[in-house]
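Accompanying notes for the structure given below.
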Amino acid sequence: MADNGCCKNEMSLNCNGMCGGFRALVILAMLLVTHLAWADRTVAAETAATSGRPTSSSLFERQPLGFDQQTADRMAATLRNLPGEAPKLIGFARGQRRVLGHGGGALMLLLALAIGYGIYGRVRLSNWIKAALAPLFERIPSAGNQWPAAIAELLAATLLPISLWGLWEFVKALTDFHGPLFMIAGQLLLAWTVYSFTLTVVRELVIRPLLPISSEHGRYIFRFSRLLLAYGITLKVCTNLIAIFGAPADVVALIDTALRLSLIIMLAVVTVHRNAVVALLPDLPNLLYRGFVAAFVRFYPVLWTLTLTIALIQLMGFAALAHFLWARTWLPIGLFLLAVTLNHLSIRALRGSLFPDSAPHPNAVNLYRSLARLVRYTITIATLACFFHLIGAYHPVYNLAARPVMTVGNQTVSILVLGRALLIVALFWLAATLIRDYCEFSIYPQLNIDPGVANAINTFVVYVIVAIGVLASVEAVGLGMGTITLFAGALGIGLGMGLQSMANNLTSGVTLIFTRALRKGDVVTTGDTLGIIQEVGIRATRMKTPDAIEYLVPNSEFVDGKLVNWTRSDPYTRVHVPIGVSYDADPDVVRRIMEEVAAHTPNVQADPKPEVRFANLGDSSLNFELLLWINVKEVQPEKVRSDLYFALFRALKDAGIEIPYPQRDIHIRSSEVLIPEPNSSKASQDDGL
């Protein structure tokens with residue numbers, strides 16, 4: 001991710017084309033997971049059979065719901081006889097009031113006043129919180145100016161109920177009082193806290209909105225979220241209160257099941273609106289994520305049906321089956337969305353911290369790429385580990401990868417061992433590139449180290465760290481130093497038989513790096529090619545020409561061949577600009593004009609001063625030569641020469657000095673030529689006859 005160009009290319013691709021590949025990948029993953037889960041279940045069954053321990057319960061084992069038909073009949077009879085039970089309920093309430101006393105009544109009154117103030121005084125409280133947090137929020141960039149207001153609204157909505165609920169918990173722990181009315185107050189405070197917090201979060205996300213969502217979909221989601229939240233919290237509080245007042249456990253279970261069923265039905269009705277649900281997914285410049293969104297939109301009816309089925313299965317008591325299906329559908333989807341979101345936020349944070357300007361420095365770009373690569377690898381590995389753990393395939397995958405696939409010497413090697421070795425090498429390589437890019441971004445500029453020296457240090461550090469990583473990976477595989485010696489001997493034989501050219505380039509690369517004959521940024525000419533050194537590698541050197549053509553030149557060509565380094569010890573180079581004027585021109589005037597033009601031309605060094613030489617008296621012109629100095633690392637000689645010719649032509653023309661055409665004198669030598677008469681040939685033929 002990494003880069004602006006990569007993101008634009010990813011965004012320009014067709015998501016429909018990715019759907020096929022994404023679905024194929026999902027199908028293959030599901031087949032693999034099914035196979036591994038079946039293998040895991042088989043291994044577990046075999047282990048249990050050999051050890052004598054019982055196996056785990058079946059997925060289709062139903063747990064008791066806690067109620068039966070008699071519970072429903074008893075509740076129906078209670079509801080029919082409810083008017084006759086009113087005097088008993090009134091007497092129970094009066095008894096609780098006497099138990100609570102005047103202090104408890106005052107507490108309930110204070111609670112009612114607090115709830116009223118929380119409802120009607122929230123705007124004032126929100127303004128007070130915004131003013132208190134203003135110094136902190138001033139440090140947040142303008143792009144996130146909506147978040148301070150959202151945080152202030154959330155604090156204003158939840159500060160009072162959370163404080164009162166915390167006070168209630170403190171009193172309960174201090175006095176160990178469990179009176180019914182006191183418990184009712186606790187339930188109301190908890191319901192108020194949950195309702196205020198959840199509703200405020202939903203409102204700030206979809207109404208403000210903090211999420212990029214249309215106003216139509218935002219209002220739809222908020223309206224139904226408020227309805228479902230109020231309905232669910234109210235019925236849950238009623239269920240808890242019924243339990244507090246001593247209702248039988250089967251009655252509480254029946255009411256709770258009815259509540260969950262009604263919520264499932266309402267959620268199914270709300271989420272049948274596909275566009276509103278899809279609008280909650282953020283628009284991220286990630287190719288895999290876009291393929292996922294396209295597949296999600298296409299298969300949304302299947303996912304909606306599957307989700308409703310899982311909820312009903314859970315409600316019917318098949319908790320194991322519901323957990324199995326849930327852990328293999330929505331939990332991996334949520335894990336994937338979490339990983340993509342974390343990657344996007346991390347990349348955006350890196351770009352904001354490293355690219356404060358619109359034109360970032362190349363060293364900052366390199367450091368950003370290294371950090372982004374490290375973030376992606378870390379998130380990918382953590383996501384895969386969590387995914388296999390969620391679907392229950394961690395142990396089967398581990399056992400399958402731990403099986404030996406080959407034998408090297410006396411050591412068996414498995415896929416797990418090879419993967420561990422590759423992971424060690426990858427980590428050392430990431431660490432080496434990160435250290436190199438951080439030094440180029442921060443350390444070398446502070447110490448004012450020459451770019452050539454910095455490149456040599458970077459090359460040495462990278463190869464040393466990678467070599468250590470390779471040795472560590474070989475040791476992790478278990479091959480040992482004897483095997484390394486064996487491979488070194490084989491490599492020596494290969495070098496002697498057919499790798500002389502590669503060995504020559506490697507040796508030349510080490511020579512160039514440590515003798516500093518070539519450094520990053522040097523302007524060199526090898527053969528007929530002029531270019532700027534981009535990187536001195538261990539085998540080849542990367543060079544870019546002024547036409548933006550990159551060459552990979554073997555290092556042996558720089559060591560064995562002729563090399564012109566324009567900036568080896570000094571980046572300043574003298575440029576010759578010849579020009580000819582008419583014989584009628586005054587040489588002193590021509591010299592003055594040329595010196596003035598050179599002084600006012602960009603990229604011409606003032607010291608040493610430009611010099612004008614009278615070259616010679618030509619056949620048709622007075623020939624002059626302008627000599628000046630430029631920094632070849634900053635500008636090309638052809639560019640400066642072109643600017644000078646433009647300026648000299650205008651200045652000489654304005655001064656009336658002619659730039660003559662070449663003049664040649666042609667001398668024709670004349671001689672008598674006998675031209676035969678027109679009929680002489682015919683007359684001769686007649687005479688001959």
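Please note that chains go A, B, ... in the order of the structure tokens, that every chain numbers its residues from 1, and that ligands are numbered from 1 in the order shown.
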
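Taking only C-alpha atoms, the non-local environment of stretch 333-346 of chain A within 9 Å (same-chain residues fewer than 6 positions away omitted) comprises Met1, Leu281, Pro282, Leu284, Pro285, Asn286, Tyr289, Ala372, Val375, Arg376, Ile379, Thr380, Ala382, Thr383, Cys386 and Phe387 of chain A.
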
All residues 12 Å or closer to A:Leu280, only C-alpha atoms, same chain fewer than 6 positions away omitted, as number ranges by chain: A: 202, 205-206, 209-215, 217-218, 220-222, 271, 274, 293, 337

Would you save the residues from that selection as a PDB file, in the first residue's frame, using N, CA, C and O atoms?
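Saved result, result_6.pdb, follows:
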```pdb
ATOM      1  N   VAL A 202     -24.093   5.893  17.655  1.00  0.00           N
ATOM      2  CA  VAL A 202     -24.742   5.691  16.355  1.00  0.00           C
ATOM      3  C   VAL A 202     -25.060   7.038  15.708  1.00  0.00           C
ATOM      4  O   VAL A 202     -24.848   7.231  14.498  1.00  0.00           O
ATOM      5  N   LEU A 205     -21.929   8.706  14.331  1.00  0.00           N
ATOM      6  CA  LEU A 205     -21.343   8.002  13.194  1.00  0.00           C
ATOM      7  C   LEU A 205     -22.125   8.218  11.904  1.00  0.00           C
ATOM      8  O   LEU A 205     -21.531   8.385  10.832  1.00  0.00           O
ATOM      9  N   VAL A 206     -23.462   8.202  11.988  1.00  0.00           N
ATOM     10  CA  VAL A 206     -24.264   8.194  10.758  1.00  0.00           C
ATOM     11  C   VAL A 206     -25.051   9.480  10.531  1.00  0.00           C
ATOM     12  O   VAL A 206     -25.556   9.694   9.420  1.00  0.00           O
ATOM     13  N   PRO A 209     -21.979  13.160   9.643  1.00  0.00           N
ATOM     14  CA  PRO A 209     -21.590  11.795  10.029  1.00  0.00           C
ATOM     15  C   PRO A 209     -20.083  11.684  10.078  1.00  0.00           C
ATOM     16  O   PRO A 209     -19.364  12.327   9.327  1.00  0.00           O
ATOM     17  N   LEU A 210     -19.601  10.828  10.986  1.00  0.00           N
ATOM     18  CA  LEU A 210     -18.179  10.515  10.991  1.00  0.00           C
ATOM     19  C   LEU A 210     -17.828   9.482   9.928  1.00  0.00           C
ATOM     20  O   LEU A 210     -16.699   9.445   9.449  1.00  0.00           O
ATOM     21  N   LEU A 211     -18.795   8.650   9.574  1.00  0.00           N
ATOM     22  CA  LEU A 211     -18.603   7.695   8.493  1.00  0.00           C
ATOM     23  C   LEU A 211     -19.052   8.303   7.176  1.00  0.00           C
ATOM     24  O   LEU A 211     -20.018   9.075   7.149  1.00  0.00           O
ATOM     25  N   PRO A 212     -18.374   7.979   6.076  1.00  0.00           N
ATOM     26  CA  PRO A 212     -18.803   8.497   4.762  1.00  0.00           C
ATOM     27  C   PRO A 212     -20.061   7.790   4.289  1.00  0.00           C
ATOM     28  O   PRO A 212     -20.014   6.818   3.535  1.00  0.00           O
ATOM     29  N   ILE A 213     -21.220   8.268   4.730  1.00  0.00           N
ATOM     30  CA  ILE A 213     -22.491   7.642   4.421  1.00  0.00           C
ATOM     31  C   ILE A 213     -23.476   8.721   4.012  1.00  0.00           C
ATOM     32  O   ILE A 213     -23.408   9.867   4.489  1.00  0.00           O
ATOM     33  N   SER A 214     -24.378   8.388   3.119  1.00  0.00           N
ATOM     34  CA  SER A 214     -25.358   9.366   2.652  1.00  0.00           C
ATOM     35  C   SER A 214     -26.349   9.695   3.768  1.00  0.00           C
ATOM     36  O   SER A 214     -26.567   8.900   4.696  1.00  0.00           O
ATOM     37  N   SER A 215     -26.948  10.876   3.682  1.00  0.00           N
ATOM     38  CA  SER A 215     -27.896  11.308   4.709  1.00  0.00           C
ATOM     39  C   SER A 215     -29.127  10.413   4.751  1.00  0.00           C
ATOM     40  O   SER A 215     -29.689  10.148   5.819  1.00  0.00           O
ATOM     41  N   HIS A 217     -29.361   7.106   4.037  1.00  0.00           N
ATOM     42  CA  HIS A 217     -29.040   5.862   4.730  1.00  0.00           C
ATOM     43  C   HIS A 217     -28.726   6.125   6.201  1.00  0.00           C
ATOM     44  O   HIS A 217     -29.053   5.292   7.066  1.00  0.00           O
ATOM     45  N   GLY A 218     -28.096   7.259   6.495  1.00  0.00           N
ATOM     46  CA  GLY A 218     -27.796   7.586   7.882  1.00  0.00           C
ATOM     47  C   GLY A 218     -29.053   7.756   8.716  1.00  0.00           C
ATOM     48  O   GLY A 218     -29.142   7.251   9.844  1.00  0.00           O
ATOM     49  N   TYR A 220     -31.975   6.481   8.072  1.00  0.00           N
ATOM     50  CA  TYR A 220     -32.636   5.174   8.154  1.00  0.00           C
ATOM     51  C   TYR A 220     -32.014   4.333   9.264  1.00  0.00           C
ATOM     52  O   TYR A 220     -32.725   3.750  10.103  1.00  0.00           O
ATOM     53  N   ILE A 221     -30.688   4.275   9.289  1.00  0.00           N
ATOM     54  CA  ILE A 221     -30.008   3.471  10.304  1.00  0.00           C
ATOM     55  C   ILE A 221     -30.248   4.040  11.691  1.00  0.00           C
ATOM     56  O   ILE A 221     -30.510   3.292  12.654  1.00  0.00           O
ATOM     57  N   PHE A 222     -30.186   5.347  11.845  1.00  0.00           N
ATOM     58  CA  PHE A 222     -30.375   5.945  13.169  1.00  0.00           C
ATOM     59  C   PHE A 222     -31.806   5.756  13.664  1.00  0.00           C
ATOM     60  O   PHE A 222     -32.025   5.457  14.852  1.00  0.00           O
ATOM     61  N   THR A 271     -32.397  -5.004   8.489  1.00  0.00           N
ATOM     62  CA  THR A 271     -31.229  -5.301   7.661  1.00  0.00           C
ATOM     63  C   THR A 271     -31.583  -5.854   6.289  1.00  0.00           C
ATOM     64  O   THR A 271     -30.671  -6.128   5.499  1.00  0.00           O
ATOM     65  N   ARG A 274     -30.534  -3.743   1.869  1.00  0.00           N
ATOM     66  CA  ARG A 274     -29.128  -4.029   1.597  1.00  0.00           C
ATOM     67  C   ARG A 274     -28.290  -2.772   1.444  1.00  0.00           C
ATOM     68  O   ARG A 274     -27.164  -2.696   1.959  1.00  0.00           O
ATOM     69  N   VAL A 293     -15.997  -6.373  -0.929  1.00  0.00           N
ATOM     70  CA  VAL A 293     -17.239  -5.592  -0.938  1.00  0.00           C
ATOM     71  C   VAL A 293     -18.129  -6.004  -2.109  1.00  0.00           C
ATOM     72  O   VAL A 293     -19.356  -6.144  -1.962  1.00  0.00           O
ATOM     73  N   LEU A 337     -12.311  -7.359   8.107  1.00  0.00           N
ATOM     74  CA  LEU A 337     -12.594  -5.919   8.107  1.00  0.00           C
ATOM     75  C   LEU A 337     -11.734  -5.186   9.128  1.00  0.00           C
ATOM     76  O   LEU A 337     -11.259  -4.070   8.870  1.00  0.00           O
TER      77      LEU A 337
END
```

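Residue neighbourhood of A:Pro64, excluding near-sequence residues (fewer than 5 positions): Met316, Gly317 and Phe318 of chain A, at 10 Å, using only C-alpha atoms.
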
Can those selected residues be exported to a file as a short mmCIF file (atom, residue, chain, number, x, y, z; two decimals), in the first residue's frame so that it contains C-alpha atoms?
```
data_model
loop_
_atom_site.label_atom_id
_atom_site.label_comp_id
_atom_site.auth_asym_id
_atom_site.auth_seq_id
_atom_site.Cartn_x
_atom_site.Cartn_y
_atom_site.Cartn_z
CA MET A 316 -33.73 -22.99 19.65
CA GLY A 317 -30.97 -24.25 21.92
CA PHE A 318 -28.40 -25.52 19.40
#
```

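Note that atom CA of A:Leu160 and atom CA of A:Leu174 are 20.9 Å apart.
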
Fewer than 6 positions away in the same chain doesn't count, so skip those; otherwise give me all residues within 7 Å of stretch 464-477 of chain A, counting only C-alpha atoms, as a tab-separated table (two decimals) with C-alpha atoms, in the first residue's frame.
```tsv
chain	number	residue	atom	x	y	z
A	417	VAL	CA	10.63	-25.64	9.77
A	418	LEU	CA	11.05	-24.16	6.30
A	421	ALA	CA	13.39	-20.25	8.42
A	424	ILE	CA	13.42	-15.41	10.16
A	425	VAL	CA	15.07	-14.31	6.91
A	428	PHE	CA	15.95	-9.79	9.27
A	429	TRP	CA	15.49	-8.38	5.77
A	432	ALA	CA	17.77	-4.28	7.55
```

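If only C-alpha atoms are the atoms counted, then among A:Ser370, A:Arg223, A:Pro161, A:Glu153 the closest residue to A:Thr200 is A:Glu153.
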
Neighbour list for A:Ile533 as a list in words, cut-off 6 Å, only C-alpha atoms, skip fewer than 6 positions in-chain: Lys520, Gly521, Asp522 and Met543 of chain A

Could you turn the residues from that selection into a file that holds N, CA, C and O atoms, as an mmCIF file, in the first residue's frame?
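Final file, again37.cif:
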```cif
data_model
loop_
_atom_site.group_PDB
_atom_site.id
_atom_site.type_symbol
_atom_site.label_atom_id
_atom_site.label_comp_id
_atom_site.auth_asym_id
_atom_site.auth_seq_id
_atom_site.Cartn_x
_atom_site.Cartn_y
_atom_site.Cartn_z
ATOM 1 N N LYS A 520 26.631 6.939 -4.664
ATOM 2 C CA LYS A 520 25.287 7.314 -5.066
ATOM 3 C C LYS A 520 25.233 8.807 -5.387
ATOM 4 O O LYS A 520 25.666 9.643 -4.607
ATOM 5 N N GLY A 521 24.716 9.131 -6.564
ATOM 6 C CA GLY A 521 24.624 10.516 -6.996
ATOM 7 C C GLY A 521 25.744 10.959 -7.907
ATOM 8 O O GLY A 521 25.687 12.075 -8.455
ATOM 9 N N ASP A 522 26.767 10.119 -8.109
ATOM 10 C CA ASP A 522 27.856 10.484 -9.019
ATOM 11 C C ASP A 522 27.358 10.496 -10.465
ATOM 12 O O ASP A 522 26.543 9.670 -10.870
ATOM 13 N N MET A 543 22.053 2.727 -12.819
ATOM 14 C CA MET A 543 22.398 4.045 -13.323
ATOM 15 C C MET A 543 21.231 4.572 -14.158
ATOM 16 O O MET A 543 20.641 3.830 -14.950
#
```

Expected answer as a ChimeraX atom specification: strand (DSSP E or B) residues in stretch 270-411 of chain A: /A:404-408,411

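The residue set within 7 Å of A:Ile579, counting only C-alpha atoms and dropping same-chain residues fewer than 6 places from it, reads Asn623, Phe624 and Glu625 of chain A.
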
Kindly export the residues of the current selection with C-alpha atoms, as a PDB file, in the first residue's frame.
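Heads up, here's the output in out_12.pdb:
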```pdb
ATOM      1  CA  ASN A 623      35.156  32.751 -33.539  1.00  0.00           C
ATOM      2  CA  PHE A 624      34.742  33.207 -29.779  1.00  0.00           C
ATOM      3  CA  GLU A 625      34.415  30.649 -26.987  1.00  0.00           C
TER       4      GLU A 625
END
```

Expected answer as a ChimeraX atom specification: helix (DSSP H, G or I) residues in stretch 371-439 of chain A: /A:371-390,394-401,415-439
